[in-house]
Every structure is written in C-alpha cells, then in structure tokens.
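Below is query.pdb, holding PDB, C-alpha atoms.
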ATOM      1  CA  MET X   3      12.599  11.806 -16.339  1.00  0.00           C
ATOM      2  CA  SER X   4      12.784  15.304 -14.759  1.00  0.00           C
ATOM      3  CA  ALA X   5      10.313  14.186 -12.088  1.00  0.00           C
ATOM      4  CA  VAL X   6      12.612  11.301 -11.160  1.00  0.00           C
ATOM      5  CA  LEU X   7      15.637  13.577 -10.813  1.00  0.00           C
ATOM      6  CA  GLY X   8      13.643  16.128  -8.835  1.00  0.00           C
ATOM      7  CA  LEU X   9      12.622  13.486  -6.302  1.00  0.00           C
ATOM      8  CA  LEU X  10      16.126  12.146  -5.622  1.00  0.00           C
ATOM      9  CA  PRO X  11      16.186  13.879  -2.188  1.00  0.00           C
ATOM     10  CA  LEU X  12      13.237  11.674  -1.221  1.00  0.00           C
ATOM     11  CA  SER X  13      15.047   8.437  -2.066  1.00  0.00           C
ATOM     12  CA  GLY X  14      15.739   7.757   1.609  1.00  0.00           C
ATOM     13  CA  ILE X  15      12.039   7.932   2.435  1.00  0.00           C
ATOM     14  CA  VAL X  16      11.172   5.749  -0.558  1.00  0.00           C
ATOM     15  CA  PHE X  17      13.745   3.194   0.591  1.00  0.00           C
ATOM     16  CA  LEU X  18      12.247   3.102   4.114  1.00  0.00           C
ATOM     17  CA  VAL X  19       8.787   2.658   2.614  1.00  0.00           C
ATOM     18  CA  GLY X  20      10.151  -0.346   0.729  1.00  0.00           C
ATOM     19  CA  VAL X  21      11.568  -1.802   3.953  1.00  0.00           C
ATOM     20  CA  PHE X  22       8.185  -1.423   5.659  1.00  0.00           C
ATOM     21  CA  ILE X  23       6.381  -3.034   2.711  1.00  0.00           C
ATOM     22  CA  GLY X  24       8.744  -5.981   2.737  1.00  0.00           C
ATOM     23  CA  ALA X  25       8.756  -6.408   6.516  1.00  0.00           C
ATOM     24  CA  ILE X  26       5.137  -5.962   7.583  1.00  0.00           C
ATOM     25  CA  GLY X  27       3.174  -5.138   4.426  1.00  0.00           C
ATOM     26  CA  ILE X  28       2.165  -1.693   5.674  1.00  0.00           C
ATOM     27  CA  GLY X  29       4.241   1.141   4.256  1.00  0.00           C
ATOM     28  CA  GLY X  30       3.093   2.041   0.760  1.00  0.00           C
ATOM     29  CA  VAL X  31       0.502   4.365   2.245  1.00  0.00           C
ATOM     30  CA  LEU X  32       3.313   6.761   3.157  1.00  0.00           C
ATOM     31  CA  LEU X  33       4.558   7.019  -0.432  1.00  0.00           C
ATOM     32  CA  VAL X  34       1.804   9.158  -1.961  1.00  0.00           C
ATOM     33  CA  PRO X  35       1.863  11.748   0.880  1.00  0.00           C
ATOM     34  CA  SER X  36       5.656  11.960   0.576  1.00  0.00           C
ATOM     35  CA  LEU X  37       5.446  12.608  -3.171  1.00  0.00           C
ATOM     36  CA  THR X  38       2.664  15.178  -2.852  1.00  0.00           C
ATOM     37  CA  TYR X  39       3.670  17.095   0.281  1.00  0.00           C
ATOM     38  CA  LEU X  40       7.460  16.854   0.041  1.00  0.00           C
ATOM     39  CA  GLY X  41       7.896  16.320  -3.696  1.00  0.00           C
ATOM     40  CA  GLY X  42       5.251  18.756  -4.920  1.00  0.00           C
ATOM     41  CA  LEU X  43       3.493  16.293  -7.232  1.00  0.00           C
ATOM     42  CA  GLY X  44      -0.235  16.338  -7.902  1.00  0.00           C
ATOM     43  CA  VAL X  45      -2.070  13.590  -6.034  1.00  0.00           C
ATOM     44  CA  HIS X  46      -3.486  11.966  -9.197  1.00  0.00           C
ATOM     45  CA  ILE X  47      -0.100  11.555 -10.898  1.00  0.00           C
ATOM     46  CA  ALA X  48       1.476  10.430  -7.615  1.00  0.00           C
ATOM     47  CA  VAL X  49      -1.133   7.703  -7.075  1.00  0.00           C
ATOM     48  CA  ALA X  50      -0.846   6.445 -10.668  1.00  0.00           C
ATOM     49  CA  SER X  51       2.962   6.359 -10.592  1.00  0.00           C
ATOM     50  CA  CYS X  52       3.009   4.569  -7.230  1.00  0.00           C
ATOM     51  CA  ASN X  53       0.604   1.953  -8.549  1.00  0.00           C
ATOM     52  CA  LEU X  54       3.016   1.225 -11.399  1.00  0.00           C
ATOM     53  CA  SER X  55       5.942   0.846  -8.987  1.00  0.00           C
ATOM     54  CA  TYR X  56       4.054  -1.740  -6.916  1.00  0.00           C
ATOM     55  CA  LEU X  57       4.087  -4.119  -9.871  1.00  0.00           C
ATOM     56  CA  PHE X  58       7.818  -4.539  -9.312  1.00  0.00           C
ATOM     57  CA  THR X  59       7.752  -4.555  -5.494  1.00  0.00           C
ATOM     58  CA  GLY X  60       5.076  -7.245  -5.614  1.00  0.00           C
ATOM     59  CA  LEU X  61       7.201  -9.408  -7.891  1.00  0.00           C
ATOM     60  CA  ILE X  62      10.295  -9.242  -5.713  1.00  0.00           C
ATOM     61  CA  GLY X  63       8.414  -9.408  -2.400  1.00  0.00           C
ATOM     62  CA  GLY X  64       6.305 -12.320  -3.596  1.00  0.00           C
ATOM     63  CA  THR X  65       9.389 -14.194  -4.808  1.00  0.00           C
ATOM     64  CA  LEU X  66      11.242 -13.750  -1.524  1.00  0.00           C
ATOM     65  CA  TYR X  67       8.265 -14.776   0.619  1.00  0.00           C
ATOM     66  CA  ALA X  68       7.558 -17.750  -1.645  1.00  0.00           C
ATOM     67  CA  ARG X  69      11.110 -18.983  -1.148  1.00  0.00           C
ATOM     68  CA  LYS X  70      10.459 -18.967   2.608  1.00  0.00           C
ATOM     69  CA  GLY X  71       7.218 -20.905   2.141  1.00  0.00           C
ATOM     70  CA  SER X  72       5.188 -17.981   3.507  1.00  0.00           C
ATOM     71  CA  ILE X  73       2.591 -17.683   0.714  1.00  0.00           C
ATOM     72  CA  ARG X  74      -0.644 -19.667   0.617  1.00  0.00           C
ATOM     73  CA  TRP X  75      -1.157 -19.941  -3.143  1.00  0.00           C
ATOM     74  CA  SER X  76      -4.583 -21.557  -2.824  1.00  0.00           C
ATOM     75  CA  MET X  77      -5.789 -18.389  -1.074  1.00  0.00           C
ATOM     76  CA  ALA X  78      -3.876 -16.055  -3.394  1.00  0.00           C
ATOM     77  CA  GLY X  79      -5.752 -17.243  -6.497  1.00  0.00           C
ATOM     78  CA  TRP X  80      -9.166 -16.236  -5.136  1.00  0.00           C
ATOM     79  CA  LEU X  81      -7.801 -12.941  -3.836  1.00  0.00           C
ATOM     80  CA  PHE X  82      -6.476 -12.248  -7.345  1.00  0.00           C
ATOM     81  CA  ALA X  83      -9.882 -13.019  -8.873  1.00  0.00           C
ATOM     82  CA  GLY X  84     -11.472 -10.253  -6.821  1.00  0.00           C
ATOM     83  CA  ALA X  85      -8.547  -7.826  -6.827  1.00  0.00           C
ATOM     84  CA  MET X  86      -8.170  -7.501 -10.599  1.00  0.00           C
ATOM     85  CA  PRO X  87     -11.621  -6.079 -11.438  1.00  0.00           C
ATOM     86  CA  GLY X  88     -11.522  -4.085  -8.189  1.00  0.00           C
ATOM     87  CA  ALA X  89      -8.220  -2.456  -9.152  1.00  0.00           C
ATOM     88  CA  TYR X  90      -9.469  -1.478 -12.595  1.00  0.00           C
ATOM     89  CA  LEU X  91     -12.626   0.081 -11.121  1.00  0.00           C
ATOM     90  CA  GLY X  92     -10.554   1.916  -8.515  1.00  0.00           C
ATOM     91  CA  ALA X  93      -8.263   3.395 -11.169  1.00  0.00           C
ATOM     92  CA  ALA X  94     -11.266   4.474 -13.251  1.00  0.00           C
ATOM     93  CA  THR X  95     -12.814   6.130 -10.190  1.00  0.00           C
ATOM     94  CA  LEU X  96      -9.554   7.937  -9.382  1.00  0.00           C
ATOM     95  CA  SER X  97      -9.875  10.271 -12.364  1.00  0.00           C
ATOM     96  CA  MET X  98     -13.388  11.291 -11.251  1.00  0.00           C
ATOM     97  CA  LEU X  99     -12.536  12.368  -7.704  1.00  0.00           C
ATOM     98  CA  PRO X 100     -11.003  15.700  -6.640  1.00  0.00           C
ATOM     99  CA  GLY X 101      -7.532  15.581  -5.133  1.00  0.00           C
ATOM    100  CA  THR X 102      -8.776  16.697  -1.707  1.00  0.00           C
ATOM    101  CA  ALA X 103     -11.179  13.761  -1.484  1.00  0.00           C
ATOM    102  CA  ILE X 104      -8.392  11.315  -2.342  1.00  0.00           C
ATOM    103  CA  GLU X 105      -6.097  12.876   0.268  1.00  0.00           C
ATOM    104  CA  LEU X 106      -8.855  12.618   2.890  1.00  0.00           C
ATOM    105  CA  ILE X 107      -9.367   8.927   2.082  1.00  0.00           C
ATOM    106  CA  ILE X 108      -5.627   8.309   2.304  1.00  0.00           C
ATOM    107  CA  GLY X 109      -5.405  10.132   5.647  1.00  0.00           C
ATOM    108  CA  ALA X 110      -8.264   8.104   7.106  1.00  0.00           C
ATOM    109  CA  LEU X 111      -6.732   4.850   5.856  1.00  0.00           C
ATOM    110  CA  ILE X 112      -3.364   5.736   7.374  1.00  0.00           C
ATOM    111  CA  ILE X 113      -4.910   6.351  10.796  1.00  0.00           C
ATOM    112  CA  PHE X 114      -6.980   3.166  10.548  1.00  0.00           C
ATOM    113  CA  ALA X 115      -3.919   1.107   9.656  1.00  0.00           C
ATOM    114  CA  GLY X 116      -1.914   2.592  12.517  1.00  0.00           C
ATOM    115  CA  VAL X 117      -4.626   2.063  15.123  1.00  0.00           C
ATOM    116  CA  ASN X 118      -5.221  -1.473  13.865  1.00  0.00           C
ATOM    117  CA  ALA X 119      -1.508  -2.280  14.043  1.00  0.00           C
ATOM    118  CA  LEU X 120      -1.374  -1.059  17.645  1.00  0.00           C
ATOM    119  CA  ALA X 121      -4.553  -2.864  18.654  1.00  0.00           C
ATOM    120  CA  LYS X 122      -3.538  -6.227  17.194  1.00  0.00           C
ATOM    121  CA  ASN X 123      -0.728  -8.053  18.936  1.00  0.00           C
ATOM    122  CA  ALA X 124       1.612  -9.431  16.256  1.00  0.00           C
ATOM    123  CA  GLY X 125       2.540 -12.264  18.549  1.00  0.00           C
ATOM    124  CA  ASP X 126      -1.008 -13.474  19.188  1.00  0.00           C
ATOM    125  CA  THR X 127      -1.805 -17.048  18.204  1.00  0.00           C
ATOM    126  CA  SER X 128      -4.100 -17.145  15.184  1.00  0.00           C
ATOM    127  CA  THR X 129      -7.372 -19.061  15.415  1.00  0.00           C
ATOM    128  CA  ARG X 130      -8.099 -19.578  11.697  1.00  0.00           C
ATOM    129  CA  ASP X 131      -6.207 -21.410   9.031  1.00  0.00           C
ATOM    130  CA  SER X 132      -8.101 -20.259   5.924  1.00  0.00           C
ATOM    131  CA  LEU X 133     -11.189 -18.489   4.554  1.00  0.00           C
ATOM    132  CA  SER X 134     -13.874 -19.501   2.084  1.00  0.00           C
ATOM    133  CA  ASN X 135     -13.308 -18.805  -1.609  1.00  0.00           C
ATOM    134  CA  LEU X 136     -16.174 -16.281  -1.627  1.00  0.00           C
ATOM    135  CA  GLN X 137     -14.719 -14.437   1.366  1.00  0.00           C
ATOM    136  CA  LEU X 138     -11.333 -14.271  -0.325  1.00  0.00           C
ATOM    137  CA  ALA X 139     -12.818 -12.942  -3.584  1.00  0.00           C
ATOM    138  CA  ILE X 140     -14.773 -10.230  -1.740  1.00  0.00           C
ATOM    139  CA  ILE X 141     -11.711  -9.236   0.275  1.00  0.00           C
ATOM    140  CA  GLY X 142      -9.696  -9.120  -2.952  1.00  0.00           C
ATOM    141  CA  LEU X 143     -12.320  -6.903  -4.612  1.00  0.00           C
ATOM    142  CA  ALA X 144     -12.293  -4.414  -1.718  1.00  0.00           C
ATOM    143  CA  THR X 145      -8.502  -4.482  -1.528  1.00  0.00           C
ATOM    144  CA  GLY X 146      -8.068  -3.919  -5.266  1.00  0.00           C
ATOM    145  CA  PHE X 147     -10.558  -1.055  -5.432  1.00  0.00           C
ATOM    146  CA  GLY X 148      -9.277   0.781  -2.357  1.00  0.00           C
ATOM    147  CA  SER X 149      -5.621   0.284  -3.208  1.00  0.00           C
ATOM    148  CA  ALA X 150      -5.887   1.500  -6.804  1.00  0.00           C
ATOM    149  CA  LEU X 151      -7.918   4.506  -5.685  1.00  0.00           C
ATOM    150  CA  THR X 152      -5.390   5.595  -3.074  1.00  0.00           C
ATOM    151  CA  GLY X 153      -2.082   4.318  -4.469  1.00  0.00           C
ATOM    152  CA  THR X 154      -1.368   2.169  -1.407  1.00  0.00           C
ATOM    153  CA  GLY X 155      -0.523  -1.022  -3.288  1.00  0.00           C
ATOM    154  CA  GLY X 156      -2.686  -3.610  -1.530  1.00  0.00           C
ATOM    155  CA  PRO X 157      -0.956  -4.527   1.748  1.00  0.00           C
ATOM    156  CA  LEU X 158      -2.404  -1.577   3.689  1.00  0.00           C
ATOM    157  CA  ILE X 159      -5.958  -2.853   3.226  1.00  0.00           C
ATOM    158  CA  LEU X 160      -5.323  -6.602   3.042  1.00  0.00           C
ATOM    159  CA  VAL X 161      -3.076  -7.029   6.098  1.00  0.00           C
ATOM    160  CA  PRO X 162      -5.468  -5.391   8.619  1.00  0.00           C
ATOM    161  CA  ILE X 163      -8.404  -7.404   7.229  1.00  0.00           C
ATOM    162  CA  MET X 164      -6.492 -10.692   7.458  1.00  0.00           C
ATOM    163  CA  VAL X 165      -5.213  -9.944  10.963  1.00  0.00           C
ATOM    164  CA  TRP X 166      -8.718  -8.896  12.060  1.00  0.00           C
ATOM    165  CA  LEU X 167     -10.010 -12.239  10.752  1.00  0.00           C
ATOM    166  CA  GLU X 168      -7.341 -13.921  12.933  1.00  0.00           C
ATOM    167  CA  LEU X 169      -5.205 -15.444  10.215  1.00  0.00           C
ATOM    168  CA  PRO X 170      -1.462 -15.871  10.897  1.00  0.00           C
ATOM    169  CA  VAL X 171       0.358 -12.553  10.524  1.00  0.00           C
ATOM    170  CA  LEU X 172       3.100 -13.975   8.309  1.00  0.00           C
ATOM    171  CA  THR X 173       0.438 -15.491   6.031  1.00  0.00           C
ATOM    172  CA  ALA X 174      -1.239 -12.091   5.761  1.00  0.00           C
ATOM    173  CA  ILE X 175       2.037 -10.352   4.939  1.00  0.00           C
ATOM    174  CA  GLY X 176       2.980 -12.984   2.360  1.00  0.00           C
ATOM    175  CA  LEU X 177      -0.371 -12.653   0.588  1.00  0.00           C
ATOM    176  CA  SER X 178      -0.068  -8.875   0.707  1.00  0.00           C
ATOM    177  CA  GLN X 179       3.182  -9.104  -1.259  1.00  0.00           C
ATOM    178  CA  VAL X 180       1.789 -11.077  -4.189  1.00  0.00           C
ATOM    179  CA  ILE X 181      -1.541  -9.238  -4.373  1.00  0.00           C
ATOM    180  CA  GLN X 182       0.390  -6.106  -5.340  1.00  0.00           C
ATOM    181  CA  VAL X 183       1.033  -7.605  -8.791  1.00  0.00           C
ATOM    182  CA  PRO X 184      -2.535  -7.952 -10.151  1.00  0.00           C
ATOM    183  CA  ILE X 185      -3.614  -4.724  -8.439  1.00  0.00           C
ATOM    184  CA  ALA X 186      -0.708  -2.750  -9.892  1.00  0.00           C
ATOM    185  CA  LEU X 187      -1.184  -4.252 -13.347  1.00  0.00           C
ATOM    186  CA  LEU X 188      -4.912  -3.531 -13.615  1.00  0.00           C
ATOM    187  CA  ALA X 189      -4.631  -0.161 -11.883  1.00  0.00           C
ATOM    188  CA  THR X 190      -1.937   0.898 -14.349  1.00  0.00           C
ATOM    189  CA  VAL X 191      -4.090  -0.177 -17.301  1.00  0.00           C
ATOM    190  CA  GLY X 192      -6.954   1.830 -15.837  1.00  0.00           C
ATOM    191  CA  ASN X 193      -4.746   4.879 -15.257  1.00  0.00           C
ATOM    192  CA  VAL X 194      -3.433   4.770 -18.823  1.00  0.00           C
ATOM    193  CA  ILE X 195      -6.979   4.604 -20.192  1.00  0.00           C
ATOM    194  CA  HIS X 196      -8.807   6.934 -17.823  1.00  0.00           C
ATOM    195  CA  GLY X 197      -6.169   9.171 -16.254  1.00  0.00           C
ATOM    196  CA  GLU X 198      -2.474  10.034 -16.400  1.00  0.00           C
ATOM    197  CA  ILE X 199       0.751   8.350 -15.357  1.00  0.00           C
ATOM    198  CA  ASP X 200       4.465   9.165 -15.237  1.00  0.00           C
ATOM    199  CA  ALA X 201       6.108   5.895 -16.289  1.00  0.00           C
ATOM    200  CA  TRP X 202       9.635   7.130 -15.629  1.00  0.00           C
ATOM    201  CA  LEU X 203       8.695   8.118 -12.108  1.00  0.00           C
ATOM    202  CA  GLY X 204       6.992   4.771 -11.514  1.00  0.00           C
ATOM    203  CA  VAL X 205      10.068   2.830 -12.628  1.00  0.00           C
ATOM    204  CA  GLY X 206      12.389   5.105 -10.625  1.00  0.00           C
ATOM    205  CA  LEU X 207      10.333   4.532  -7.485  1.00  0.00           C
ATOM    206  CA  ALA X 208      10.310   0.791  -8.154  1.00  0.00           C
ATOM    207  CA  VAL X 209      14.110   0.573  -8.277  1.00  0.00           C
ATOM    208  CA  VAL X 210      14.506   2.137  -4.823  1.00  0.00           C
ATOM    209  CA  LEU X 211      11.508   0.340  -3.350  1.00  0.00           C
ATOM    210  CA  MET X 212      12.719  -3.093  -4.469  1.00  0.00           C
ATOM    211  CA  VAL X 213      15.968  -2.686  -2.549  1.00  0.00           C
ATOM    212  CA  GLY X 214      13.992  -1.801   0.565  1.00  0.00           C
ATOM    213  CA  VAL X 215      11.519  -4.664   0.050  1.00  0.00           C
ATOM    214  CA  ALA X 216      14.357  -7.203  -0.224  1.00  0.00           C
ATOM    215  CA  ILE X 217      15.808  -6.010   3.077  1.00  0.00           C
ATOM    216  CA  GLY X 218      12.386  -5.852   4.720  1.00  0.00           C
ATOM    217  CA  ALA X 219      11.529  -9.408   3.690  1.00  0.00           C
ATOM    218  CA  HIS X 220      14.789 -10.574   5.234  1.00  0.00           C
ATOM    219  CA  VAL X 221      14.002  -8.707   8.452  1.00  0.00           C
ATOM    220  CA  ALA X 222      10.433 -10.062   8.654  1.00  0.00           C
ATOM    221  CA  HIS X 223      11.663 -13.638   9.002  1.00  0.00           C
ATOM    222  CA  ARG X 224      14.295 -12.821  11.635  1.00  0.00           C
ATOM    223  CA  LEU X 225      13.161  -9.994  13.938  1.00  0.00           C
ATOM    224  CA  SER X 226      10.122  -9.368  16.099  1.00  0.00           C
ATOM    225  CA  ALA X 227       7.132  -8.419  13.968  1.00  0.00           C
ATOM    226  CA  ARG X 228       5.565  -6.894  17.077  1.00  0.00           C
ATOM    227  CA  PHE X 229       8.407  -4.401  17.446  1.00  0.00           C
ATOM    228  CA  LEU X 230       8.292  -3.418  13.765  1.00  0.00           C
ATOM    229  CA  LYS X 231       4.517  -3.026  13.778  1.00  0.00           C
ATOM    230  CA  ARG X 232       4.641  -0.681  16.770  1.00  0.00           C
ATOM    231  CA  ILE X 233       7.150   1.597  15.076  1.00  0.00           C
ATOM    232  CA  VAL X 234       5.164   1.765  11.841  1.00  0.00           C
ATOM    233  CA  ALA X 235       1.853   2.110  13.690  1.00  0.00           C
ATOM    234  CA  VAL X 236       2.949   5.261  15.495  1.00  0.00           C
ATOM    235  CA  THR X 237       4.331   6.693  12.246  1.00  0.00           C
ATOM    236  CA  LEU X 238       1.119   5.951  10.366  1.00  0.00           C
ATOM    237  CA  ILE X 239      -1.106   7.561  12.974  1.00  0.00           C
ATOM    238  CA  GLY X 240       1.063  10.683  13.079  1.00  0.00           C
ATOM    239  CA  VAL X 241       1.171  11.064   9.280  1.00  0.00           C
ATOM    240  CA  GLY X 242      -2.581  10.459   8.964  1.00  0.00           C
ATOM    241  CA  ILE X 243      -3.383  13.130  11.527  1.00  0.00           C
ATOM    242  CA  LEU X 244      -1.092  15.604   9.776  1.00  0.00           C
ATOM    243  CA  ILE X 245      -2.754  14.957   6.395  1.00  0.00           C
ATOM    244  CA  ILE X 246      -6.275  15.433   7.733  1.00  0.00           C
ATOM    245  CA  ALA X 247      -5.191  18.501   9.729  1.00  0.00           C
ATOM    246  CA  ARG X 248      -3.677  20.001   6.565  1.00  0.00           C
ATOM    247  CA  ILE X 249      -6.916  19.413   4.653  1.00  0.00           C
ATOM    248  CA  GLY X 250      -8.916  20.939   7.486  1.00  0.00           C
ATOM    249  CA  TYR X 251      -6.637  23.971   7.545  1.00  0.00           C
ATOM    250  CA  GLY X 252      -7.170  24.406   3.817  1.00  0.00           C
ATOM    251  CA  PHE X 253     -10.918  24.621   4.399  1.00  0.00           C
ATOM    252  CA  LEU X 254     -10.832  26.694   7.589  1.00  0.00           C
ATOM    253  CA  GLY X 255      -7.569  28.604   7.265  1.00  0.00           C
ATOM    254  CA  PRO X 256      -6.919  32.183   6.152  1.00  0.00           C
ATOM    255  CA  GLY X 257      -7.750  31.425   2.524  1.00  0.00           C
ATOM    256  CA  ALA X 258     -11.095  29.803   3.279  1.00  0.00           C
ATOM    257  CA  SER X 259     -14.195  31.653   2.280  1.00  0.00           C
TER     258      SER X 259
END

Show me this structure written as structure tokens.
Amino acid sequence: MSAVLGLLPLSGIVFLVGVFIGAIGIGGVLLVPSLTYLGGLGVHIAVASCNLSYLFTGLIGGTLYARKGSIRWSMAGWLFAGAMPGAYLGAATLSMLPGTAIELIIGALIIFAGVNALAKNAGDTSTRDSLSNLQLAIIGLATGFGSALTGTGGPLILVPIMVWLELPVLTAIGLSQVIQVPIALLATVGNVIHGEIDAWLGVGLAVVLMVGVAIGAHVAHRLSARFLKRIVAVTLIGVGILIIARIGYGFLGPGAS
C-alpha cells in the first residue's frame, strides 16, 4: 500500500499511458521506465506489478473495442493459444535476468516501436484480411514472452507486427487490447511462482490506467490515428534513447571500473 501512495505524483503519467494504450495500443512500454526512474522502484517489481495491472486494462479495452465491432475473435483465439505459454515462460525468465539487461531490452523495444510507428502510415490501405492459424499462434507466443519479460502488456509487440504484416490498424489495436488479458494472467501466475509482485501497486495502477484506456478507446474511433501515432512515436524514441544512454553512462561513467 505504501508503494501506491508513494507513486501518487506519477498518476498523471499513468493516466496518459492508459490513454495511449486505449487509443493506439502502444503506451504500456512507458510505464515500467516511469516507475523505475521516477518512482524509484526496482525493475523486477515494476514489471511484475505492471503485468498485473494489464489484466484490468485488457478487460476494459477489449470490452470497449468489442462494442465497436473492432475485434476479430477468430484471430484472437489463436493469438491467445500462443500468448499464454509465452507469457508464463517470459515471467519465469524475468527472475533470471539482471535488471540492467531488462532495462536494455525495454529501451530497444521502445525505440523499435517508435521508429515503426513513424515508418508506417496509419492511413495506409491494408492489403491483408487475416493470417493463418499457425502464424497467429507464433505471433502470440512471441508477444506473450516478450511482453511478460518487459512488462509492456502485449500491444507494444503485437501492434507493430500486425501493421508490418499489413493488417488493418484498427484490427491490430483491437486485438492488442484483448491479448493483454491472457498475457497478464499467465505472467502474474509466473511472477507469483518464480519472482515477486506488489499486488496493491498493480491494482492501484490498474484503476488509473482503466480511466485512461476508456478515454483512449473513445478517441481511437473518432480522431486521426496517424496524428496520435506520430505523437507517441516521437515520445517512444526519445524515452528509449534516454534509457539506453543512462545504461551506457552507468557502464562508462565516473563509477565504472
């Protein structure tokens, strides 16, 4: 509970992350760096607590997108089949890696997501309507593993892959909402068994995030996705560079041997 109260000053950032998750899928990747660099939490506990919070954001985001008819459930089932074992393996791997390695992975993913969002035009006409069941299961496996390992929830990895494969952007965002649920559930089970988790912090984050997700989902169906993606893309690239620069300074700075 003390961790929740201590992070109240970050509630504005958490809310904006929720808006980004709800609007374009990409946003959760900013949550762990905010908790570690601004909130002073250890990266392992931050990742585990964020994973728990995504269970709730996935439920509300998935519900809102489903009401708009923006979720392809036939595709979601095969994504779930791959994401669930992937998430558990990612959570188990989390406890084995040093914090610096996790931060480096997160930084690289942030930059990749930002560059991808800038490179892909959100208004482009898609050329594919679906993927094979095997492709979906493999994508789900990679998304579950990477998301549980880094605490990014699922959308950060899934949306760029789907857009790269030329599926409709709104379809990609809708699927990224619901895939948070199985990833968060299995990642949390893995964190409880193999690592550590602050349940109060996870629930506290979820409350603020869900408000942002609800607003973001509303925005996604009414404003230009291209405009939103450009804003988030620039933010992601900047944050990713700062994270990697901080890690590099730790190795090469005054305290380095």

Determine the nearest neighbour of Pro100 (chain X) from the options X:Arg74, X:Ala83, X:Gly44, X:Leu54, counting all atoms listed in the file.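 So, comparing all the options, the nearest one is X:Gly44.
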
Using all atoms listed in the file, which of the listed residues (X:Leu57, X:Val19, X:Gly14, X:Phe147) sits closest to Leu187 (chain X)? X:Leu57

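For the choices X:Ala247, X:Ala93, X:Ala201, X:Val16, the atom-to-atom distance to Leu32 (chain X) is smallest for X:Val16 when using all atoms listed in the file.
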
Env of Thr145 (chain X): 8 Å cut, atoms = only C-alpha atoms, seq-sep filter 5 positions within chain, self excluded. Answer as a list of chain:residue names.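 Residues near the query, excluding close chain neighbours: X:Ala85, X:Gly88, X:Ala89, X:Gly156, X:Ile159, X:Leu160.
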
Using the chain letters and numbers from this file, what does the PyMOL selection byres ((chain X and resi 115) around 9) select? Give the answer as a list in words.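 Going through the file, the PyMOL selection byres ((chain X and resi 115) around 9) ends up selecting Ile28, Ala110, Leu111, Ile112, Ile113, Phe114, Gly116, Val117, Asn118, Ala119, Leu120, Leu158, Ile159, Val161, Pro162, Ala235, Leu238 and Ile239 of chain X.
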
Let's have the selection written as a short mmCIF file (atom, residue, chain, number, x, y, z; two decimals), keeping the file's coordinate frame, with C-alpha atoms.
data_model
loop_
_atom_site.label_atom_id
_atom_site.label_comp_id
_atom_site.auth_asym_id
_atom_site.auth_seq_id
_atom_site.Cartn_x
_atom_site.Cartn_y
_atom_site.Cartn_z
CA ILE X 28 2.16 -1.69 5.67
CA ALA X 110 -8.26 8.10 7.11
CA LEU X 111 -6.73 4.85 5.86
CA ILE X 112 -3.36 5.74 7.37
CA ILE X 113 -4.91 6.35 10.80
CA PHE X 114 -6.98 3.17 10.55
CA GLY X 116 -1.91 2.59 12.52
CA VAL X 117 -4.63 2.06 15.12
CA ASN X 118 -5.22 -1.47 13.86
CA ALA X 119 -1.51 -2.28 14.04
CA LEU X 120 -1.37 -1.06 17.64
CA LEU X 158 -2.40 -1.58 3.69
CA ILE X 159 -5.96 -2.85 3.23
CA VAL X 161 -3.08 -7.03 6.10
CA PRO X 162 -5.47 -5.39 8.62
CA ALA X 235 1.85 2.11 13.69
CA LEU X 238 1.12 5.95 10.37
CA ILE X 239 -1.11 7.56 12.97
#

Using only C-alpha atoms, determine which residues lie at most 9 Å from Leu188 (chain X), disregarding the query and same-chain residues fewer than 2 positions distant; provide the list as a count of residues only. 18

Quote the spacing between CA of Leu167 (chain X) and CA of Ile62 (chain X) in Å to one decimal place.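 CA of Leu167 (chain X) sits 26.3 Å away from CA of Ile62 (chain X).
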
Which is closest to Pro11 (chain X) among X:Val31, X:Ile141, X:Leu40, X:Ile26, if we use all atoms listed in the file?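 Going through X:Val31, X:Ile141, X:Leu40, X:Ile26 one by one, the smallest distance to Pro11 (chain X) is for X:Leu40.
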
With distances taken over only C-alpha atoms, which of X:Gly63, X:Trp80, X:Ala208, X:Thr102 is nearest to Thr152 (chain X)?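 Closest to Thr152 (chain X), using only C-alpha atoms: X:Thr102.
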
For Gly24 (chain X), please output as a PyMOL selection string all residues within 12 Å (counting all atoms listed in the file; exclusion window: fewer than 4 positions along the same chain). chain X and resi 17-20+28-30+56+59-67+157+172+175-180+182+211-223+227+230

Separation of CA of Val49 (chain X) and CA of Gly79 (chain X), in Å? 25.4 Å

Pairwise distance for CA of Met98 (chain X) and CA of His46 (chain X), rounded to one decimal in Å: 10.1 Å

Serialized region 145-156 of chain X w/ N, CA and C atoms as a PDB file, in the first residue's frame:
ATOM      1  N   THR X 145       4.704 -12.553 -28.683  1.00  0.00           N
ATOM      2  CA  THR X 145       4.126 -11.407 -27.978  1.00  0.00           C
ATOM      3  C   THR X 145       4.018 -11.683 -26.482  1.00  0.00           C
ATOM      4  N   GLY X 146       3.551 -12.868 -26.124  1.00  0.00           N
ATOM      5  CA  GLY X 146       3.411 -13.220 -24.711  1.00  0.00           C
ATOM      6  C   GLY X 146       4.749 -13.244 -23.993  1.00  0.00           C
ATOM      7  N   PHE X 147       5.744 -13.882 -24.613  1.00  0.00           N
ATOM      8  CA  PHE X 147       7.061 -13.985 -23.984  1.00  0.00           C
ATOM      9  C   PHE X 147       7.688 -12.602 -23.795  1.00  0.00           C
ATOM     10  N   GLY X 148       7.736 -11.827 -24.874  1.00  0.00           N
ATOM     11  CA  GLY X 148       8.378 -10.510 -24.798  1.00  0.00           C
ATOM     12  C   GLY X 148       7.658  -9.553 -23.880  1.00  0.00           C
ATOM     13  N   SER X 149       6.341  -9.617 -23.863  1.00  0.00           N
ATOM     14  CA  SER X 149       5.560  -8.696 -23.035  1.00  0.00           C
ATOM     15  C   SER X 149       5.697  -9.008 -21.553  1.00  0.00           C
ATOM     16  N   ALA X 150       5.649 -10.286 -21.192  1.00  0.00           N
ATOM     17  CA  ALA X 150       5.800 -10.664 -19.786  1.00  0.00           C
ATOM     18  C   ALA X 150       7.202 -10.364 -19.283  1.00  0.00           C
ATOM     19  N   LEU X 151       8.187 -10.507 -20.154  1.00  0.00           N
ATOM     20  CA  LEU X 151       9.575 -10.261 -19.769  1.00  0.00           C
ATOM     21  C   LEU X 151       9.841  -8.792 -19.504  1.00  0.00           C
ATOM     22  N   THR X 152       9.158  -7.918 -20.247  1.00  0.00           N
ATOM     23  CA  THR X 152       9.456  -6.489 -20.166  1.00  0.00           C
ATOM     24  C   THR X 152       8.372  -5.668 -19.493  1.00  0.00           C
ATOM     25  N   GLY X 153       7.211  -6.277 -19.206  1.00  0.00           N
ATOM     26  CA  GLY X 153       6.136  -5.543 -18.551  1.00  0.00           C
ATOM     27  C   GLY X 153       5.431  -4.560 -19.467  1.00  0.00           C
ATOM     28  N   THR X 154       5.392  -4.858 -20.766  1.00  0.00           N
ATOM     29  CA  THR X 154       4.793  -3.941 -21.735  1.00  0.00           C
ATOM     30  C   THR X 154       3.367  -4.316 -22.115  1.00  0.00           C
ATOM     31  N   GLY X 155       2.845  -5.412 -21.604  1.00  0.00           N
ATOM     32  CA  GLY X 155       1.428  -5.707 -21.737  1.00  0.00           C
ATOM     33  C   GLY X 155       0.971  -6.470 -22.955  1.00  0.00           C
ATOM     34  N   GLY X 156       1.635  -6.356 -24.074  1.00  0.00           N
ATOM     35  CA  GLY X 156       1.214  -7.066 -25.282  1.00  0.00           C
ATOM     36  C   GLY X 156       1.093  -6.181 -26.505  1.00  0.00           C
TER      37      GLY X 156
END
